[in-house]
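Accompanying notes for the structure given below.
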Amino acid sequence: MTEALRYLTEKDVVAALTIPRAIDALQRMLVAQAKEGARNVPKALATWGDGSSMHALGSVRPGPGGYAGFKTWVHTKAGGGSLFSLFDADTGLLRAVIEARALGMLRTAAISGVATRALAPEGATRAALIGTGPQAVTQLAALAAVRPLQRVRIHSPTPEKRRAFVEAVAGKYAFAIEESPTLEHALDGAEIVTLITRAVEPFVDAARLADCRHLNAVGAILPAKAEFSQDVFERADRVVVDDLENARRGSRELRERYGADGAAWDGVAVLGDLLARGETRAPDARLTLFKGMGMGLSDLAMAQVAYEHARDHGLGVALPPQTRENLLLAQP
């Protein structure tokens, strides 16, 4: 019997994916990529007007039970939308169309979780989260899932927004969550720092990261935007990205440091390669820097878990399967 094509809503995605499940699924996908069992399609990107943009990310993990897919999304000041199209990599049949807002938040948080688990000091207990937009909730959950936190300080420029964020999440965790009135207060003593902002110009420099041992910079994913200044690289013992090609195309911070002319980026490691080799943080490391750009395989890992959970539990809206009949031939 042919499997139904499924339309999965945001609610279906959230029902299938917890943060720990998302982190583990993404780590498996990254290791598969490093072993040449999965690959990305480089991001397609266009921008227009006053900060509007459209994006497409593709990926495939072939073999038995494998999938291929594309995430497409548009962002404007008036809002945006996103979808993931999941295909059977063996038959080419479309298996699911998935609303991808939560999917995107989960994969962005999951990549921070994987990077933090691999690169941050194991005993780190103090963190700072800079940014209180929609993705901040899952970023906080990812940090909590991989390190024994005792305190997280929260900062964003708008007092009302950061206060509302702290009030919304404070009761969900056993550790202290504090509102920071200034960036300096938030970063003071923070061993792990996550930046998840829409900053256009760098606002974090090396001096402010004096106590930081691991930095996740995952907010600025367009060539016109940046979150940290160039002197941060001087403190970093290791610079790691999720996808080298996407970083070359879209990371202003790394393009300014390593060049935008196609030359080799010596000293920049890929997270999946480190995981496949079993490498973790060096005992004498001063600062590890992870730059997450987003890549198709991150979305594919989330989409696979969401689809298989929906299929096995009868979730989602069942649609007629795709036909391979050429209906044009039936026209008079």
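Chain labels follow the order of the structure tokens: the first chain is A, the next B, and so on; residue numbering restarts at 1 in every chain, and ligands are counted from 1 in their shown order.
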field: Nearby residues (only C-alpha atoms) at most 10 Å from range 133-136 of chain A, same-chain spacing under 4 positions excluded, as number ranges by chain
entry: A: 101-102, 104-106, 108-109, 129, 140-142, 154, 156, 161-162, 165, 194-198, 219
- prompt: Any idea what's packed within 12 Å of range 83-91 of chain A, counting only C-alpha atoms, ignoring anything in its chain fewer than 4 positions away? Could you give it as a PyMOL selection string?
  reply: chain A and resi 2-3+5-10+13+38+55-74+95-104+296-308+321-322+324
- prompt: Which distance in Å separates CA of Arg147 in chain A and CA of Ala124 in chain A, to one decimal?
  reply: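 Straight-line distance from CA of Arg147 in chain A to CA of Ala124 in chain A works out to 6.6 Å.
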- prompt: Quick one: residues within 6 Å of Ala118 in chain A, only C-alpha atoms counted, chain neighbours fewer than 2 positions away excluded, as a VMD selection string?
  reply: chain A and resid 115 to 116 280
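Going from CA of Ile177 in chain A over to CA of Arg21 in chain A, you cover 23.7 Å.
Residues of range 26-131 of chain A that DSSP places in helix (DSSP H, G or I), based on the backbone of this structure, are Leu26, Gln27, Arg28, Met29, Leu30, Val31, Ala32, Gln33, Ala34, Arg101, Ala102, Leu103, Gly104, Met105, Leu106, Arg107, Thr108, Ala109, Ala110, Ile111, Ser112, Gly113, Val114, Ala115, Thr116, Arg117, Ala118 and Leu119 of chain A.
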Any chance you could export the current selection's N, CA, C and O atoms as a CSV table (one decimal), in the first residue's frame?
chain,number,residue,atom,x,y,z
A,26,LEU,N,20.6,15.4,15.2
A,26,LEU,CA,21.5,16.2,14.4
A,26,LEU,C,22.9,15.7,14.5
A,26,LEU,O,23.7,15.7,13.5
A,27,GLN,N,23.3,15.2,15.7
A,27,GLN,CA,24.7,14.7,15.8
A,27,GLN,C,24.9,13.5,14.9
A,27,GLN,O,25.9,13.4,14.3
A,28,ARG,N,23.9,12.6,14.9
A,28,ARG,CA,24.0,11.5,14.0
A,28,ARG,C,24.1,11.9,12.5
A,28,ARG,O,24.9,11.3,11.8
A,29,MET,N,23.4,12.9,12.2
A,29,MET,CA,23.4,13.4,10.8
A,29,MET,C,24.8,14.0,10.4
A,29,MET,O,25.3,13.8,9.3
A,30,LEU,N,25.4,14.8,11.4
A,30,LEU,CA,26.6,15.4,11.1
A,30,LEU,C,27.7,14.3,11.0
A,30,LEU,O,28.6,14.5,10.1
A,31,VAL,N,27.7,13.3,11.8
A,31,VAL,CA,28.7,12.2,11.6
A,31,VAL,C,28.5,11.5,10.3
A,31,VAL,O,29.5,11.2,9.6
A,32,ALA,N,27.3,11.3,9.9
A,32,ALA,CA,27.0,10.7,8.6
A,32,ALA,C,27.6,11.6,7.5
A,32,ALA,O,28.2,11.1,6.5
A,33,GLN,N,27.4,12.9,7.6
A,33,GLN,CA,28.0,13.8,6.6
A,33,GLN,C,29.5,13.7,6.5
A,33,GLN,O,30.1,13.6,5.4
A,34,ALA,N,30.1,13.7,7.7
A,34,ALA,CA,31.6,13.6,7.7
A,34,ALA,C,32.1,12.3,7.1
A,34,ALA,O,33.2,12.3,6.5
A,101,ARG,N,8.6,26.6,10.8
A,101,ARG,CA,9.1,27.6,11.8
A,101,ARG,C,9.7,26.9,13.0
A,101,ARG,O,10.8,27.2,13.4
A,102,ALA,N,8.9,26.0,13.7
A,102,ALA,CA,9.5,25.3,14.8
A,102,ALA,C,10.6,24.4,14.4
A,102,ALA,O,11.6,24.3,15.2
A,103,LEU,N,10.5,23.8,13.3
A,103,LEU,CA,11.6,23.0,12.7
A,103,LEU,C,12.9,23.8,12.7
A,103,LEU,O,14.0,23.3,13.1
A,104,GLY,N,12.8,25.0,12.2
A,104,GLY,CA,14.0,25.9,12.1
A,104,GLY,C,14.6,26.3,13.4
A,104,GLY,O,15.8,26.3,13.6
A,105,MET,N,13.7,26.6,14.3
A,105,MET,CA,14.1,26.9,15.7
A,105,MET,C,14.8,25.8,16.4
A,105,MET,O,15.8,25.9,17.0
A,106,LEU,N,14.2,24.6,16.2
A,106,LEU,CA,14.8,23.4,16.8
A,106,LEU,C,16.1,23.0,16.2
A,106,LEU,O,17.1,22.6,16.9
A,107,ARG,N,16.3,23.1,14.9
A,107,ARG,CA,17.6,22.8,14.3
A,107,ARG,C,18.7,23.8,14.7
A,107,ARG,O,19.8,23.4,14.9
A,108,THR,N,18.3,25.1,14.8
A,108,THR,CA,19.3,26.1,15.2
A,108,THR,C,19.7,25.9,16.6
A,108,THR,O,20.9,26.0,16.9
A,109,ALA,N,18.7,25.5,17.5
A,109,ALA,CA,19.1,25.2,18.9
A,109,ALA,C,19.9,23.9,19.0
A,109,ALA,O,20.9,23.8,19.7
A,110,ALA,N,19.5,23.0,18.2
A,110,ALA,CA,20.2,21.7,18.2
A,110,ALA,C,21.7,21.8,17.8
A,110,ALA,O,22.5,21.2,18.4
A,111,ILE,N,21.9,22.6,16.8
A,111,ILE,CA,23.3,22.7,16.4
A,111,ILE,C,24.2,23.4,17.4
A,111,ILE,O,25.3,23.1,17.7
A,112,SER,N,23.5,24.4,18.1
A,112,SER,CA,24.2,25.0,19.3
A,112,SER,C,24.4,24.0,20.4
A,112,SER,O,25.5,24.0,21.0
A,113,GLY,N,23.4,23.1,20.6
A,113,GLY,CA,23.6,22.1,21.6
A,113,GLY,C,24.7,21.1,21.3
A,113,GLY,O,25.5,20.7,22.1
A,114,VAL,N,24.8,20.7,20.0
A,114,VAL,CA,25.8,19.7,19.6
A,114,VAL,C,27.2,20.4,19.8
A,114,VAL,O,28.1,19.8,20.3
A,115,ALA,N,27.3,21.6,19.3
A,115,ALA,CA,28.6,22.3,19.4
A,115,ALA,C,29.0,22.5,20.9
A,115,ALA,O,30.2,22.4,21.2
A,116,THR,N,28.0,22.9,21.7
A,116,THR,CA,28.3,23.2,23.1
A,116,THR,C,28.7,21.9,23.8
A,116,THR,O,29.7,21.9,24.6
A,117,ARG,N,28.0,20.8,23.5
A,117,ARG,CA,28.4,19.5,24.1
A,117,ARG,C,29.8,19.1,23.7
A,117,ARG,O,30.5,18.5,24.5
A,118,ALA,N,30.2,19.3,22.5
A,118,ALA,CA,31.5,18.9,22.0
A,118,ALA,C,32.6,19.8,22.4
A,118,ALA,O,33.8,19.4,22.6
A,119,LEU,N,32.4,21.2,22.5
A,119,LEU,CA,33.4,22.1,22.6
A,119,LEU,C,33.5,22.9,24.0
A,119,LEU,O,34.6,23.3,24.3
message: What's around Ser53 in chain A at 10 Å? Count only C-alpha atoms, leave out sequence neighbours fewer than 6 positions away in its own chain, and write the answer as a PyMOL selection string.
response: chain A and resi 45-47+73-77+80+222
Mind dumping the selected residues with N, CA, C and O atoms as a compact mmCIF listing (two decimals), in the first residue's frame?
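The resulting file, again23.txt, is shown below:
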# COMPACT_ATOMS: atom_id res chain seq x y z
N LEU A 45 20.28 32.23 -1.87
CA LEU A 45 19.88 33.40 -1.08
C LEU A 45 19.68 34.60 -1.99
O LEU A 45 20.48 34.84 -2.90
N ALA A 46 18.62 35.33 -1.75
CA ALA A 46 18.41 36.62 -2.42
C ALA A 46 17.89 37.61 -1.39
O ALA A 46 17.15 37.24 -0.47
N THR A 47 18.29 38.86 -1.52
CA THR A 47 17.83 39.91 -0.62
C THR A 47 17.25 41.06 -1.44
O THR A 47 17.61 41.25 -2.60
N TRP A 73 12.25 29.45 2.65
CA TRP A 73 11.59 30.42 3.50
C TRP A 73 11.86 31.85 3.02
O TRP A 73 12.82 32.11 2.29
N VAL A 74 10.96 32.73 3.42
CA VAL A 74 11.03 34.15 3.09
C VAL A 74 10.88 34.94 4.38
O VAL A 74 10.04 34.62 5.23
N HIS A 75 11.71 35.97 4.53
CA HIS A 75 11.62 36.84 5.70
C HIS A 75 11.50 38.29 5.24
O HIS A 75 12.27 38.76 4.41
N THR A 76 10.49 38.97 5.75
CA THR A 76 10.32 40.40 5.49
C THR A 76 9.99 41.10 6.80
O THR A 76 9.70 40.44 7.81
N LYS A 77 10.00 42.42 6.80
CA LYS A 77 9.64 43.14 8.02
C LYS A 77 8.19 42.92 8.40
O LYS A 77 7.82 43.04 9.57
N GLY A 80 6.95 36.45 7.67
CA GLY A 80 7.59 35.47 6.79
C GLY A 80 6.90 34.13 6.88
O GLY A 80 5.90 33.96 7.60
N LEU A 222 23.52 36.48 7.42
CA LEU A 222 23.52 37.20 6.15
C LEU A 222 24.82 37.98 6.01
O LEU A 222 25.38 38.44 7.01
- request: Would you kindly return, as an MDAnalysis selection string, each protein, DNA or RNA residue with an atom no farther than 12 Å from any atom of range 255-262 of chain A, considering only C-alpha atoms and excluding same-chain residues fewer than 2 positions away?
  value: chainID A and resid 221:226 228:234 239 244:253 264:268 291
query: Which is closest to Val240 in chain A among A:Ala174, A:Ala330, A:Val41, A:Leu215, if we use only C-alpha atoms?
result: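 Distance minimum relative to Val240 in chain A lands on A:Leu215.
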message: Using only C-alpha atoms, which protein or nucleic acid residues come within 10 Å of Gly123 in chain A? Drop anything in the same chain fewer than 6 positions from it, and give the result as a list of chain:residue names.
response: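 What passes the distance filter is A:Arg147, A:Pro148, A:Leu149, A:Glu191.
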Store the residues picked out above, limited to N, CA, C and O atoms, as a PDB file, in the first residue's frame.
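Once everything was written out, this is selection_2.pdb:
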ATOM      1  N   ARG A 147      24.719  20.966  29.527  1.00  0.00           N
ATOM      2  CA  ARG A 147      25.652  21.372  30.566  1.00  0.00           C
ATOM      3  C   ARG A 147      24.913  21.574  31.892  1.00  0.00           C
ATOM      4  O   ARG A 147      23.742  21.961  31.911  1.00  0.00           O
ATOM      5  N   PRO A 148      25.604  21.327  33.027  1.00  0.00           N
ATOM      6  CA  PRO A 148      24.965  21.426  34.355  1.00  0.00           C
ATOM      7  C   PRO A 148      24.877  22.872  34.833  1.00  0.00           C
ATOM      8  O   PRO A 148      25.548  23.276  35.788  1.00  0.00           O
ATOM      9  N   LEU A 149      24.033  23.638  34.208  1.00  0.00           N
ATOM     10  CA  LEU A 149      23.992  25.069  34.472  1.00  0.00           C
ATOM     11  C   LEU A 149      23.490  25.390  35.881  1.00  0.00           C
ATOM     12  O   LEU A 149      22.604  24.721  36.407  1.00  0.00           O
ATOM     13  N   GLU A 191      30.834  31.484  31.253  1.00  0.00           N
ATOM     14  CA  GLU A 191      31.762  30.561  30.607  1.00  0.00           C
ATOM     15  C   GLU A 191      31.283  30.168  29.204  1.00  0.00           C
ATOM     16  O   GLU A 191      32.087  29.852  28.326  1.00  0.00           O
TER      17      GLU A 191
END
Write out as a compact mmCIF listing (two decimals) with N, CA, C and O atoms, in the first residue's frame all residues of range 240-323 of chain A that DSSP puts in strand (DSSP E) for this structure's backbone.
# COMPACT_ATOMS: atom_id res chain seq x y z
N VAL A 240 35.10 26.85 14.61
CA VAL A 240 34.36 25.70 14.06
C VAL A 240 33.09 26.23 13.39
O VAL A 240 32.44 27.14 13.93
N VAL A 241 32.72 25.66 12.26
CA VAL A 241 31.48 26.00 11.57
C VAL A 241 30.65 24.75 11.36
O VAL A 241 31.16 23.63 11.42
N VAL A 268 39.96 26.77 10.13
CA VAL A 268 38.51 26.66 10.36
C VAL A 268 38.11 25.20 10.22
O VAL A 268 38.31 24.58 9.17
N ALA A 269 37.57 24.63 11.29
CA ALA A 269 37.17 23.21 11.31
C ALA A 269 35.66 23.09 11.10
O ALA A 269 34.90 24.03 11.37
N VAL A 270 35.25 21.93 10.62
CA VAL A 270 33.83 21.62 10.44
C VAL A 270 33.38 20.72 11.58
O VAL A 270 34.04 19.71 11.89
N THR A 288 36.78 28.48 22.50
CA THR A 288 36.32 27.86 21.26
C THR A 288 35.19 28.70 20.71
O THR A 288 34.33 29.18 21.46
N LEU A 289 35.18 28.86 19.39
CA LEU A 289 34.20 29.71 18.72
C LEU A 289 33.45 28.87 17.70
O LEU A 289 34.06 28.30 16.79
N PHE A 290 32.14 28.79 17.86
CA PHE A 290 31.31 28.08 16.89
C PHE A 290 30.43 29.07 16.15
O PHE A 290 29.69 29.84 16.75
N LYS A 291 30.53 29.02 14.82
CA LYS A 291 29.70 29.86 13.96
C LYS A 291 28.71 28.97 13.23
O LYS A 291 29.11 28.17 12.37
N VAL A 317 -2.00 15.70 8.49
CA VAL A 317 -3.12 15.62 7.56
C VAL A 317 -2.71 14.75 6.38
O VAL A 317 -1.74 15.07 5.68
N ALA A 318 -3.41 13.62 6.19
CA ALA A 318 -3.08 12.73 5.07
C ALA A 318 -3.62 13.30 3.77
O ALA A 318 -4.80 13.68 3.67
N LEU A 319 -2.75 13.41 2.79
CA LEU A 319 -3.11 13.92 1.47
C LEU A 319 -2.96 12.80 0.44
O LEU A 319 -2.24 11.81 0.68
- request: Choose the residue, out of A:Ala78, A:Val169, A:Ala128, A:Ala15, that has the smallest atom-to-atom separation from Leu209 in chain A; count only C-alpha atoms.
  value: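 The closest residue to Leu209 in chain A is A:Ala128.
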Nearest to Ala22 in chain A by atom-to-atom distance, counting only C-alpha atoms, from A:Arg151, A:Asn216, A:Gly272, A:Thr138: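 Once distances to Ala22 in chain A are computed over only C-alpha atoms, the minimum belongs to A:Thr138.
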field: One-decimal distance in Å that lies between CA of Ala164 in chain A and CA of Leu183 in chain A
entry: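 A separation of 17.2 Å between them.
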